[in-house]
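Have a look at final.cif; it's mmCIF, C-alpha atoms:
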```cif
data_model
loop_
_atom_site.label_atom_id
_atom_site.label_comp_id
_atom_site.auth_asym_id
_atom_site.auth_seq_id
_atom_site.Cartn_x
_atom_site.Cartn_y
_atom_site.Cartn_z
CA MET A 4 -12.02 -47.25 -29.87
CA THR A 5 -12.43 -49.03 -26.54
CA ALA A 6 -14.45 -47.71 -23.62
CA PHE A 7 -11.19 -47.05 -21.77
CA ASP A 8 -9.87 -44.92 -24.64
CA ALA A 9 -13.15 -43.00 -24.82
CA VAL A 10 -13.08 -42.19 -21.10
CA THR A 11 -9.42 -41.12 -21.33
CA LEU A 12 -10.14 -38.80 -24.27
CA ALA A 13 -13.12 -37.34 -22.44
CA SER A 14 -10.95 -36.60 -19.40
CA ILE A 15 -8.29 -34.96 -21.55
CA PHE A 16 -10.99 -32.89 -23.27
CA ASN A 17 -12.25 -31.94 -19.83
CA ASN A 18 -8.76 -30.64 -18.97
CA ILE A 19 -8.66 -28.65 -22.20
CA ILE A 20 -11.95 -27.00 -21.26
CA CYS A 21 -10.61 -26.24 -17.78
CA SER A 22 -7.51 -24.68 -19.34
CA LEU A 23 -9.63 -22.52 -21.63
CA ILE A 24 -11.75 -21.41 -18.69
CA GLY A 25 -8.57 -20.60 -16.77
CA CYS A 26 -7.23 -18.56 -19.68
CA PHE A 27 -10.50 -16.66 -20.01
CA PHE A 28 -10.83 -15.70 -16.35
CA LEU A 29 -7.14 -14.98 -15.76
CA PHE A 30 -7.10 -12.75 -18.83
CA GLN A 31 -10.03 -10.81 -17.38
CA VAL A 32 -8.21 -10.60 -14.04
CA SER A 33 -5.02 -9.31 -15.67
CA ARG A 34 -6.91 -6.46 -17.35
CA ASN A 35 -8.00 -5.13 -13.96
CA GLN A 36 -4.60 -5.32 -12.28
CA ALA A 37 -1.53 -3.11 -12.38
CA GLY A 38 2.16 -3.42 -11.66
CA HIS A 39 3.44 -6.68 -10.20
CA LYS A 40 -0.07 -8.12 -9.87
CA ARG A 41 -0.70 -7.66 -13.57
CA LYS A 42 2.56 -9.47 -14.33
CA ALA A 43 1.55 -12.30 -12.01
CA ALA A 44 -1.86 -12.63 -13.67
CA THR A 45 -0.18 -12.70 -17.09
CA TYR A 46 2.17 -15.50 -16.05
CA PHE A 47 -0.75 -17.47 -14.59
CA PHE A 48 -2.63 -16.95 -17.87
CA LEU A 49 0.36 -18.34 -19.78
CA CYS A 50 0.49 -21.25 -17.35
CA PHE A 51 -3.01 -22.36 -18.38
CA PHE A 52 -2.38 -21.50 -22.02
CA PHE A 53 0.62 -23.83 -22.28
CA LEU A 54 -1.21 -26.45 -20.23
CA GLY A 55 -4.13 -26.32 -22.67
CA VAL A 56 -1.77 -26.74 -25.63
CA ALA A 57 -0.15 -29.74 -23.92
CA PHE A 58 -3.55 -31.36 -23.32
CA THR A 59 -4.53 -30.71 -26.93
CA LEU A 60 -1.39 -32.49 -28.13
CA MET A 61 -2.25 -35.40 -25.83
CA MET A 62 -5.63 -35.70 -27.51
CA ILE A 63 -4.22 -35.78 -31.05
CA ARG A 64 -1.02 -37.68 -30.28
CA VAL A 65 -2.19 -40.75 -32.23
CA TRP A 66 -1.84 -38.71 -35.42
CA LEU A 67 1.60 -37.34 -34.54
CA PRO A 68 5.06 -38.93 -34.57
CA VAL A 69 5.84 -40.33 -31.13
CA SER A 70 9.16 -38.47 -30.89
CA PHE A 71 7.44 -35.16 -31.68
CA SER A 72 4.74 -35.83 -29.09
CA ILE A 73 7.38 -36.58 -26.44
CA PHE A 74 9.39 -33.52 -27.44
CA THR A 75 6.55 -31.01 -27.31
CA ALA A 76 4.43 -32.40 -24.45
CA ASN A 77 7.27 -32.59 -21.95
CA GLY A 78 8.57 -29.17 -22.97
CA LEU A 79 5.10 -27.68 -22.47
CA TYR A 80 4.65 -29.32 -19.05
CA VAL A 81 7.94 -27.86 -17.83
CA THR A 82 7.07 -24.46 -19.30
CA THR A 83 3.72 -24.58 -17.47
CA ALA A 84 5.48 -25.17 -14.15
CA TYR A 85 7.86 -22.27 -14.78
CA MET A 86 4.99 -19.93 -15.69
CA MET A 87 3.38 -20.72 -12.35
CA LEU A 88 6.69 -20.15 -10.55
CA PHE A 89 7.25 -16.83 -12.34
CA GLY A 90 3.68 -15.82 -11.48
CA PHE A 91 4.29 -16.37 -7.77
CA LEU A 92 7.61 -14.54 -7.92
CA SER A 93 5.89 -11.56 -9.56
CA TRP A 94 3.05 -11.65 -7.03
CA PHE A 95 5.52 -11.25 -4.18
CA ARG A 96 7.39 -8.46 -6.01
CA ILE A 97 10.39 -10.66 -6.83
CA PRO A 98 11.51 -9.64 -10.34
CA VAL A 99 11.80 -12.34 -13.00
CA ARG A 100 15.25 -11.70 -14.43
CA GLY A 101 17.12 -12.93 -17.46
CA ILE A 102 18.88 -15.58 -15.37
CA HIS A 103 15.51 -17.12 -14.51
CA ILE A 104 14.57 -17.32 -18.20
CA LEU A 105 17.97 -18.85 -19.00
CA ILE A 106 17.54 -21.50 -16.30
CA MET A 107 14.10 -22.32 -17.71
CA VAL A 108 15.46 -22.72 -21.24
CA ILE A 109 18.33 -24.92 -20.03
CA ASN A 110 15.96 -27.04 -17.92
CA ILE A 111 13.54 -27.55 -20.82
CA THR A 112 16.40 -28.44 -23.17
CA VAL A 113 17.85 -30.98 -20.74
CA ILE A 114 14.47 -32.61 -20.08
CA ILE A 115 13.59 -32.87 -23.76
CA THR A 116 17.04 -34.26 -24.61
CA ALA A 117 16.84 -36.83 -21.80
CA MET A 118 13.34 -37.90 -22.85
CA LEU A 119 14.32 -38.39 -26.47
CA PHE A 120 17.53 -40.19 -25.49
CA PHE A 121 15.76 -42.76 -23.32
CA TYR A 122 13.03 -43.21 -25.93
CA LEU A 123 15.32 -43.66 -28.94
CA HIS A 124 18.10 -45.71 -27.30
CA TYR A 125 16.48 -47.63 -24.46
CA ARG A 126 12.73 -47.42 -25.07
CA SER A 127 12.50 -46.92 -21.33
CA PHE A 128 9.03 -45.62 -20.54
CA ILE A 129 9.45 -45.85 -16.75
CA THR A 130 12.66 -43.80 -16.78
CA ARG A 131 10.95 -41.05 -18.75
CA VAL A 132 8.07 -41.05 -16.27
CA TYR A 133 10.49 -40.67 -13.36
CA ILE A 134 12.44 -37.85 -15.02
CA GLY A 135 9.35 -35.84 -15.92
CA GLY A 136 7.60 -36.41 -12.60
CA ILE A 137 10.56 -35.51 -10.40
CA ASN A 138 11.46 -32.42 -12.44
CA ASN A 139 7.92 -31.01 -12.41
CA ALA A 140 7.40 -31.89 -8.75
CA THR A 141 10.57 -29.96 -7.89
CA LEU A 142 9.36 -26.87 -9.74
CA PHE A 143 5.93 -26.98 -8.11
CA PHE A 144 7.57 -27.45 -4.72
CA LEU A 145 9.56 -24.26 -5.38
CA CYS A 146 6.21 -22.55 -6.03
CA PHE A 147 5.02 -23.75 -2.63
CA VAL A 148 8.23 -22.55 -0.93
CA VAL A 149 7.85 -19.08 -2.46
CA CYS A 150 4.21 -18.86 -1.28
CA TRP A 151 4.98 -20.14 2.20
CA HIS A 152 8.06 -17.97 2.76
CA HIS A 153 6.53 -14.71 1.55
CA ARG A 154 2.89 -15.20 2.58
CA ALA A 155 1.15 -12.46 4.53
CA GLN A 156 0.11 -13.19 8.09
CA CYS A 157 -3.56 -13.33 7.11
CA GLY A 158 -3.14 -13.98 3.40
CA LYS A 159 -5.84 -16.62 2.83
CA GLY A 160 -5.42 -16.45 -0.93
CA GLU A 161 -1.67 -16.94 -0.68
CA LYS A 162 -2.16 -19.95 1.58
CA LEU A 163 -4.60 -21.47 -0.91
CA ALA A 164 -2.16 -20.81 -3.73
CA GLY A 165 0.55 -22.61 -1.78
CA ALA A 166 -1.84 -25.52 -1.22
CA GLY A 167 -2.49 -25.58 -4.97
CA ALA A 168 1.24 -25.87 -5.58
CA LEU A 169 1.40 -28.83 -3.17
CA VAL A 170 -1.45 -30.53 -5.04
CA CYS A 171 0.61 -30.14 -8.21
CA VAL A 172 3.58 -31.74 -6.44
CA LEU A 173 1.44 -34.76 -5.61
CA ALA A 174 -0.08 -34.81 -9.09
CA SER A 175 3.44 -34.98 -10.54
CA LEU A 176 4.69 -37.71 -8.21
CA ILE A 177 1.71 -40.08 -7.88
CA PRO A 178 1.94 -41.52 -11.44
CA SER A 179 5.66 -42.15 -10.93
CA LEU A 180 5.03 -43.85 -7.59
CA LEU A 181 2.34 -46.07 -9.10
CA MET A 182 4.66 -47.02 -11.96
CA SER A 183 7.30 -48.11 -9.46
CA VAL A 184 4.75 -50.50 -7.92
CA ARG A 185 2.99 -51.72 -11.07
CA PRO A 186 4.77 -50.70 -14.28
CA GLU A 187 1.71 -50.81 -16.54
CA PRO A 188 1.13 -48.07 -19.13
CA ALA A 189 -2.65 -48.27 -18.64
CA LEU A 190 -2.29 -47.64 -14.90
CA PHE A 191 -0.01 -44.70 -15.65
CA GLN A 192 -2.54 -43.27 -18.08
CA VAL A 193 -5.37 -43.53 -15.57
CA SER A 194 -3.34 -41.97 -12.76
CA MET A 195 -2.16 -39.16 -15.04
CA THR A 196 -5.72 -38.40 -16.10
CA ILE A 197 -7.02 -38.30 -12.53
CA THR A 198 -4.17 -36.25 -11.08
CA GLN A 199 -4.19 -33.81 -14.00
CA ASN A 200 -7.92 -33.22 -13.50
CA LEU A 201 -7.40 -32.67 -9.79
CA GLY A 202 -4.41 -30.38 -10.23
CA CYS A 203 -5.95 -28.35 -13.05
CA TYR A 204 -9.17 -27.51 -11.23
CA PHE A 205 -7.58 -27.03 -7.82
CA VAL A 206 -4.91 -24.68 -9.15
CA LEU A 207 -7.45 -22.66 -11.13
CA GLY A 208 -9.58 -22.20 -8.00
CA ALA A 209 -6.52 -21.37 -5.88
CA LEU A 210 -5.21 -18.74 -8.31
CA LEU A 211 -8.59 -17.07 -8.68
CA SER A 212 -8.90 -17.12 -4.89
CA LEU A 213 -5.52 -15.41 -4.69
CA PHE A 214 -6.87 -12.37 -6.53
CA LEU A 215 -10.30 -12.57 -4.87
CA PHE A 216 -8.95 -12.50 -1.31
CA ASP A 217 -6.50 -9.78 -2.29
CA GLN A 218 -9.44 -7.61 -3.35
CA ILE A 219 -11.30 -8.43 -0.13
CA ASP A 220 -8.23 -7.49 1.92
CA TRP A 221 -7.84 -4.29 -0.10
CA HIS A 222 -11.41 -3.21 0.61
CA TYR A 223 -11.02 -4.13 4.27
CA ARG A 224 -7.85 -2.05 4.57
CA ARG A 225 -9.65 0.90 2.99
CA SER A 226 -12.46 0.52 5.51
CA VAL A 227 -10.18 0.69 8.56
CA ARG A 228 -7.37 2.98 7.35
CA ASP A 229 -7.19 6.72 6.88
CA GLU A 230 -6.41 7.45 3.24
CA LEU A 231 -4.09 10.40 3.83
CA THR A 232 -1.88 9.04 6.62
CA GLY A 233 -2.31 5.27 6.43
CA LEU A 234 -3.14 5.20 10.14
CA TYR A 235 -6.27 3.51 11.45
CA ASN A 236 -9.44 5.57 11.22
CA ARG A 237 -11.66 6.73 14.07
CA ARG A 238 -14.27 3.98 13.77
CA TYR A 239 -11.73 1.16 13.87
CA PHE A 240 -9.87 2.76 16.79
CA ASN A 241 -13.03 3.06 18.86
CA GLU A 242 -13.94 -0.57 18.16
CA GLN A 243 -10.50 -1.82 19.17
CA LEU A 244 -10.36 0.42 22.25
CA ASP A 245 -13.73 -0.92 23.35
CA ARG A 246 -12.47 -4.47 22.91
CA LEU A 247 -9.31 -3.75 24.91
CA LEU A 248 -10.97 -1.86 27.76
CA VAL A 249 -14.49 -3.11 28.20
CA ARG A 250 -14.06 -6.67 26.99
CA GLY A 251 -10.40 -7.08 27.88
CA SER A 252 -8.58 -7.19 31.16
CA GLY A 253 -5.67 -4.80 30.64
CA LYS A 254 -5.13 -1.19 31.60
CA GLY A 255 -3.29 1.40 29.56
CA CYS A 256 -2.79 5.05 28.71
CA LEU A 257 -4.80 7.04 26.18
CA ALA A 258 -3.44 10.16 24.49
CA LEU A 259 -4.99 12.74 22.16
CA PHE A 260 -2.79 14.88 19.87
CA ASP A 261 -3.76 18.12 18.17
CA ILE A 262 -1.59 20.05 15.71
CA ASP A 263 -1.38 23.60 17.03
CA HIS A 264 -2.84 26.46 14.95
CA PHE A 265 -3.57 24.11 12.07
CA LYS A 266 -6.09 26.48 10.46
CA LYS A 267 -3.35 29.08 10.21
CA VAL A 268 -1.13 26.57 8.40
CA ASN A 269 -3.90 25.92 5.84
CA ASP A 270 -4.70 29.62 5.40
CA THR A 271 -1.06 30.70 5.04
CA PHE A 272 0.51 27.85 3.10
CA GLY A 273 -2.47 26.12 1.48
CA HIS A 274 -4.29 22.85 2.08
CA ASP A 275 -1.58 20.81 0.33
CA ALA A 276 0.87 22.04 2.94
CA GLY A 277 -1.66 21.16 5.64
CA ASP A 278 -1.99 17.64 4.28
CA LEU A 279 1.80 17.28 4.21
CA ALA A 280 2.04 18.47 7.81
CA VAL A 281 -0.57 15.92 8.87
CA GLN A 282 1.34 13.15 7.12
CA ARG A 283 4.65 14.12 8.72
CA VAL A 284 3.16 14.33 12.22
CA ALA A 285 1.40 10.99 11.72
CA ARG A 286 4.67 9.38 10.70
CA GLU A 287 6.51 10.77 13.74
CA ILE A 288 3.81 9.47 16.06
CA GLN A 289 3.71 6.03 14.48
CA GLU A 290 7.48 5.59 14.38
CA SER A 291 8.01 6.77 17.98
CA LEU A 292 5.44 4.62 19.74
CA PRO A 293 6.37 1.18 21.14
CA PRO A 294 5.21 -2.09 19.49
CA GLY A 295 1.64 -2.93 20.37
CA ALA A 296 0.45 0.67 20.54
CA LEU A 297 -2.82 1.43 18.76
CA VAL A 298 -2.72 4.72 16.86
CA ALA A 299 -5.25 6.43 14.59
CA ARG A 300 -6.11 9.68 12.89
CA TYR A 301 -9.08 10.87 14.92
CA GLY A 302 -10.06 13.98 13.00
CA GLY A 303 -8.65 16.57 10.61
CA GLU A 304 -5.53 17.42 12.62
CA GLU A 305 -6.20 15.19 15.62
CA PHE A 306 -4.55 11.87 16.43
CA VAL A 307 -5.15 9.36 19.18
CA CYS A 308 -3.14 6.50 20.58
CA PHE A 309 -3.57 3.84 23.22
CA LEU A 310 -0.62 2.18 24.93
CA PRO A 311 -1.79 -1.12 26.46
CA GLU A 312 -0.36 -2.15 29.84
CA SER A 313 1.44 1.19 30.12
CA ASP A 314 1.56 3.41 33.20
CA GLU A 315 1.71 7.22 33.16
CA PRO A 316 5.51 7.67 33.58
CA LEU A 317 6.26 5.30 30.70
CA ALA A 318 3.60 6.89 28.49
CA ARG A 319 4.94 10.38 29.25
CA HIS A 320 8.40 9.23 28.16
CA PHE A 321 7.16 8.23 24.70
CA LEU A 322 4.80 11.17 24.30
CA GLU A 323 7.35 13.81 25.31
CA HIS A 324 9.71 12.31 22.76
CA ILE A 325 7.01 12.63 20.10
CA ARG A 326 6.19 16.22 21.11
CA GLN A 327 9.86 17.18 20.82
CA LYS A 328 10.30 15.47 17.44
CA VAL A 329 7.22 17.22 16.05
CA SER A 330 8.43 20.63 17.29
CA ASP A 331 11.71 20.03 15.46
CA LEU A 332 9.90 19.38 12.18
CA ALA A 333 10.29 21.73 9.26
CA VAL A 334 7.78 20.83 6.56
CA GLU A 335 9.01 22.17 3.25
CA THR A 336 6.32 23.51 0.89
CA PRO A 337 6.37 25.62 -2.30
CA ARG A 338 5.39 28.62 -0.15
CA GLY A 339 8.12 28.10 2.41
CA SER A 340 8.99 26.05 5.45
CA VAL A 341 6.19 25.21 7.91
CA ALA A 342 7.00 24.77 11.59
CA VAL A 343 4.44 22.72 13.49
CA THR A 344 3.92 21.80 17.14
CA THR A 345 1.43 19.56 18.89
CA SER A 346 -0.49 19.61 22.14
CA ILE A 347 -1.06 16.29 23.91
CA GLY A 348 -3.61 15.21 26.48
CA LEU A 349 -2.80 12.05 28.43
CA CYS A 350 -5.06 9.93 30.61
CA GLN A 351 -4.41 6.63 32.34
CA VAL A 352 -7.33 4.26 31.84
CA LEU A 353 -8.38 1.35 34.04
CA PRO A 354 -10.05 -1.87 32.83
CA GLY A 355 -13.78 -1.65 32.24
CA THR A 356 -13.76 2.06 31.42
CA PRO A 357 -16.29 2.99 28.68
CA VAL A 358 -14.66 4.33 25.52
CA SER A 359 -16.58 7.61 25.69
CA GLN A 360 -15.40 8.25 29.25
CA ALA A 361 -11.77 7.42 28.43
CA LEU A 362 -11.82 9.76 25.43
CA LYS A 363 -13.42 12.55 27.46
CA CYS A 364 -10.68 12.22 30.06
CA ALA A 365 -7.95 12.53 27.40
CA ASP A 366 -9.84 15.37 25.68
CA ASP A 367 -10.05 17.32 28.95
CA ALA A 368 -6.29 16.95 29.35
CA LEU A 369 -5.77 18.13 25.75
CA TYR A 370 -7.91 21.18 26.44
CA GLN A 371 -5.73 22.01 29.46
CA ALA A 372 -2.61 21.63 27.30
CA LYS A 373 -3.98 24.19 24.82
CA ARG A 374 -4.88 26.60 27.61
CA ALA A 375 -1.36 26.21 29.00
CA GLY A 376 0.13 27.65 25.81
CA ARG A 377 0.15 24.66 23.47
CA ASN A 378 3.18 22.55 22.45
CA THR A 379 2.94 20.81 25.79
CA LEU A 380 1.82 17.55 27.42
CA VAL A 381 -0.77 17.51 30.21
CA SER A 382 -1.91 14.47 32.19
CA ALA A 383 -5.45 14.15 33.53
CA GLU A 384 -6.76 12.11 36.42
CA THR A 385 -7.16 8.40 35.92
CA ALA A 386 -10.33 7.37 34.11
CA SER A 387 -12.20 4.35 35.47
CA GLY A 388 -15.48 2.59 34.87
#
```

So that I can check it, write out the structure of this file as structure tokens.
Amino acid sequence: MTAFDAVTLASIFNNIICSLIGCFFLFQVSRNQAGHKRKAATYFFLCFFFLGVAFTLMMIRVWLPVSFSIFTANGLYVTTAYMMLFGFLSWFRIPVRGIHILIMVINITVIITAMLFFYLHYRSFITRVYIGGINNATLFFLCFVVCWHHRAQCGKGEKLAGAGALVCVLASLIPSLLMSVRPEPALFQVSMTITQNLGCYFVLGALLSLFLFDQIDWHYRRSVRDELTGLYNRRYFNEQLDRLLVRGSGKGCLALFDIDHFKKVNDTFGHDAGDLAVQRVAREIQESLPPGALVARYGGEEFVCFLPESDEPLARHFLEHIRQKVSDLAVETPRGSVAVTTSIGLCQVLPGTPVSQALKCADDALYQAKRAGRNTLVSAETASG
């Protein structure tokens, strides 16, 4: 065995180890997921499983018939690319249907047939390199397109996963490009070894990052969102309001909502009915406010919203609409229908106003609305710093 052969075998063994590590960690990840994320993790696990089998066959190919090695290795490489593609489809809640499986089977059959044909009849190594490289690069590019098209606005893990797919595109094409310049099998072997190492490790890191950043985002969402309504919580609202007023340059209108006689709803119909009423009111508020409005659940039955760059007449238009929609609600519960109303306190806020002062202004207006008989909207004087 030459030094070149020893280095090549060591690199292939290195890829096998990477594949085993990928299988181990992705299997652990899949056990802690559910639904579409569990399916995605399973497909990614299969991706590294088939890749590891392909690398193993590469290591022992000297003891196997050449036609068998060509048949199985190329079939496994294509299967690996499809497992990655199916994993990304599952991650973005795109179901993997029977037609996708059929396309995969047809693609694998065509590739294997073409490889064997050019080996048995033309002994054309370069043609087989081009066919395999272009086919796999196309599949990995589809993975990138899926990630790019469906990525979340701040989905760091999804962006890294897309970058991993692009690395696989390059890893598939570089050996073919080098063969077109210098058609030497040794050069092809070296380029394949290097690009496979790069692609294997980069993709493993990108896929693990996909689940890691998803968990980070999940914990962040739980830290800023109210569990019952899905609205922002009080702490996050105060932080954002401070940023908009004290550190920003815009004015706006602040409103506090309070569900009228909420204790009576809980006492008469039960706390489950109270929770349902809170959810329905929260949904009406969120759906009725204009884009850019900041809305949160401020307490048990209290809500707060800030409309940036809004004056009092415009804010009253939206808030009166909300008040009317809430008064028309009929929340159905096992103990009967619950009618709810809301009182609203509105205050126009100028730039530089402290958060505590802006909230006190809106709270004073809310208090006046309750004293006026509830189910009404009252505006307070403008709050300023």

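Atom CA of Arg228 of chain A is positioned 18.1 Å from atom CA of Ala280 of chain A.
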
Quiz item: On this structure, which residues satisfy the PyMOL selection byres ((chain A and resi 159) around 12), written as a PyMOL selection string?
Solution: chain A and resi 150-151+154-158+160-166+209-220

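For the pair atom CA of Asn241 of chain A and atom CA of Ala383 of chain A, the interatomic distance is 19.9 Å.
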
Practice problem: Using all atoms listed in the file, determine which residues lie at most 9 Å from segment 308-325 of chain A, disregarding the query and same-chain residues fewer than 6 positions distant; provide the list as a PyMOL selection string. | Solution: chain A and resi 240+244+247+253-260+284+287-288+291-293+295-300+345+347+349-351+379-380+382

Enclose all atoms of segment 323-329 of chain A listed in the file in an axis-aligned box, grow every side by 5 Å, and hand back centre and edge lengths in Å to one decimal, as AutoDock Vina command-line options.
```
--center_x 8.2 --center_y 14.8 --center_z 20.7 --size_x 14.1 --size_y 14.9 --size_z 19.3
```

Quiz prompt | Which residue of A:Arg326, A:Asn139, A:Phe147, A:Val132 approaches Pro186 of chain A most closely, using all atoms listed in the file | solution = A:Val132

Quiz item: What do you get, as JSON, numbers by chain, if you spell out every residue that the PyMOL selection byres ((chain A and resi 188-195) around 10) selects here?
Solution: {"A": [7, 8, 10, 11, 14, 15, 128, 129, 132, 174, 175, 176, 177, 178, 179, 180, 181, 182, 185, 186, 187, 196, 197, 198, 199, 200, 201]}

Using the selection just defined, write its residues with C-alpha atoms as a PDB file, in the frame of the given file.
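Result written to again-v6.pdb:
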```
ATOM      1  CA  PHE A   7     -11.190 -47.050 -21.770  1.00  0.00           C
ATOM      2  CA  ASP A   8      -9.870 -44.920 -24.640  1.00  0.00           C
ATOM      3  CA  VAL A  10     -13.080 -42.190 -21.100  1.00  0.00           C
ATOM      4  CA  THR A  11      -9.420 -41.120 -21.330  1.00  0.00           C
ATOM      5  CA  SER A  14     -10.950 -36.600 -19.400  1.00  0.00           C
ATOM      6  CA  ILE A  15      -8.290 -34.960 -21.550  1.00  0.00           C
ATOM      7  CA  PHE A 128       9.030 -45.620 -20.540  1.00  0.00           C
ATOM      8  CA  ILE A 129       9.450 -45.850 -16.750  1.00  0.00           C
ATOM      9  CA  VAL A 132       8.070 -41.050 -16.270  1.00  0.00           C
ATOM     10  CA  ALA A 174      -0.080 -34.810  -9.090  1.00  0.00           C
ATOM     11  CA  SER A 175       3.440 -34.980 -10.540  1.00  0.00           C
ATOM     12  CA  LEU A 176       4.690 -37.710  -8.210  1.00  0.00           C
ATOM     13  CA  ILE A 177       1.710 -40.080  -7.880  1.00  0.00           C
ATOM     14  CA  PRO A 178       1.940 -41.520 -11.440  1.00  0.00           C
ATOM     15  CA  SER A 179       5.660 -42.150 -10.930  1.00  0.00           C
ATOM     16  CA  LEU A 180       5.030 -43.850  -7.590  1.00  0.00           C
ATOM     17  CA  LEU A 181       2.340 -46.070  -9.100  1.00  0.00           C
ATOM     18  CA  MET A 182       4.660 -47.020 -11.960  1.00  0.00           C
ATOM     19  CA  ARG A 185       2.990 -51.720 -11.070  1.00  0.00           C
ATOM     20  CA  PRO A 186       4.770 -50.700 -14.280  1.00  0.00           C
ATOM     21  CA  GLU A 187       1.710 -50.810 -16.540  1.00  0.00           C
ATOM     22  CA  THR A 196      -5.720 -38.400 -16.100  1.00  0.00           C
ATOM     23  CA  ILE A 197      -7.020 -38.300 -12.530  1.00  0.00           C
ATOM     24  CA  THR A 198      -4.170 -36.250 -11.080  1.00  0.00           C
ATOM     25  CA  GLN A 199      -4.190 -33.810 -14.000  1.00  0.00           C
ATOM     26  CA  ASN A 200      -7.920 -33.220 -13.500  1.00  0.00           C
ATOM     27  CA  LEU A 201      -7.400 -32.670  -9.790  1.00  0.00           C
TER      28      LEU A 201
END
```

Exercise. Please provide the set of residues having any atom within 7 Å of Gly55 of chain A, restricted to all atoms listed in the file, with same-chain residues fewer than 3 positions apart removed, written as a PyMOL selection string.
Key: chain A and resi 19+22-23+51-52+58-59

Subset file: segment 30-44 of chain A, N, CA and C atoms, as a compact mmCIF listing (two decimals), in the first residue's frame:
```txt
# COMPACT_ATOMS: atom_id res chain seq x y z
N PHE A 30 -29.93 10.71 16.34
CA PHE A 30 -30.86 9.77 16.99
C PHE A 30 -31.29 10.31 18.35
N GLN A 31 -30.33 10.87 19.11
CA GLN A 31 -30.67 11.47 20.40
C GLN A 31 -31.61 12.65 20.22
N VAL A 32 -31.36 13.45 19.18
CA VAL A 32 -32.22 14.61 18.90
C VAL A 32 -33.63 14.16 18.57
N SER A 33 -33.76 13.11 17.75
CA SER A 33 -35.09 12.65 17.32
C SER A 33 -35.92 12.16 18.49
N ARG A 34 -35.27 11.62 19.52
CA ARG A 34 -36.01 11.10 20.68
C ARG A 34 -36.64 12.21 21.50
N ASN A 35 -36.12 13.43 21.36
CA ASN A 35 -36.63 14.55 22.15
C ASN A 35 -37.48 15.51 21.32
N GLN A 36 -37.88 15.07 20.13
CA GLN A 36 -38.72 15.90 19.27
C GLN A 36 -40.09 15.25 19.11
N ALA A 37 -40.99 15.99 18.51
CA ALA A 37 -42.34 15.46 18.26
C ALA A 37 -42.84 16.02 16.94
N GLY A 38 -43.80 15.32 16.35
CA GLY A 38 -44.44 15.82 15.15
C GLY A 38 -43.49 15.93 13.97
N HIS A 39 -43.59 17.04 13.24
CA HIS A 39 -42.80 17.21 12.03
C HIS A 39 -41.30 17.32 12.33
N LYS A 40 -40.94 17.81 13.50
CA LYS A 40 -39.52 17.92 13.83
C LYS A 40 -38.92 16.55 14.09
N ARG A 41 -39.70 15.65 14.65
CA ARG A 41 -39.21 14.28 14.85
C ARG A 41 -39.00 13.59 13.51
N LYS A 42 -39.92 13.81 12.56
CA LYS A 42 -39.75 13.25 11.23
C LYS A 42 -38.50 13.79 10.56
N ALA A 43 -38.28 15.10 10.70
CA ALA A 43 -37.10 15.72 10.11
C ALA A 43 -35.82 15.11 10.69
N ALA A 44 -35.78 14.97 12.01
CA ALA A 44 -34.60 14.40 12.66
C ALA A 44 -34.36 12.96 12.20
```
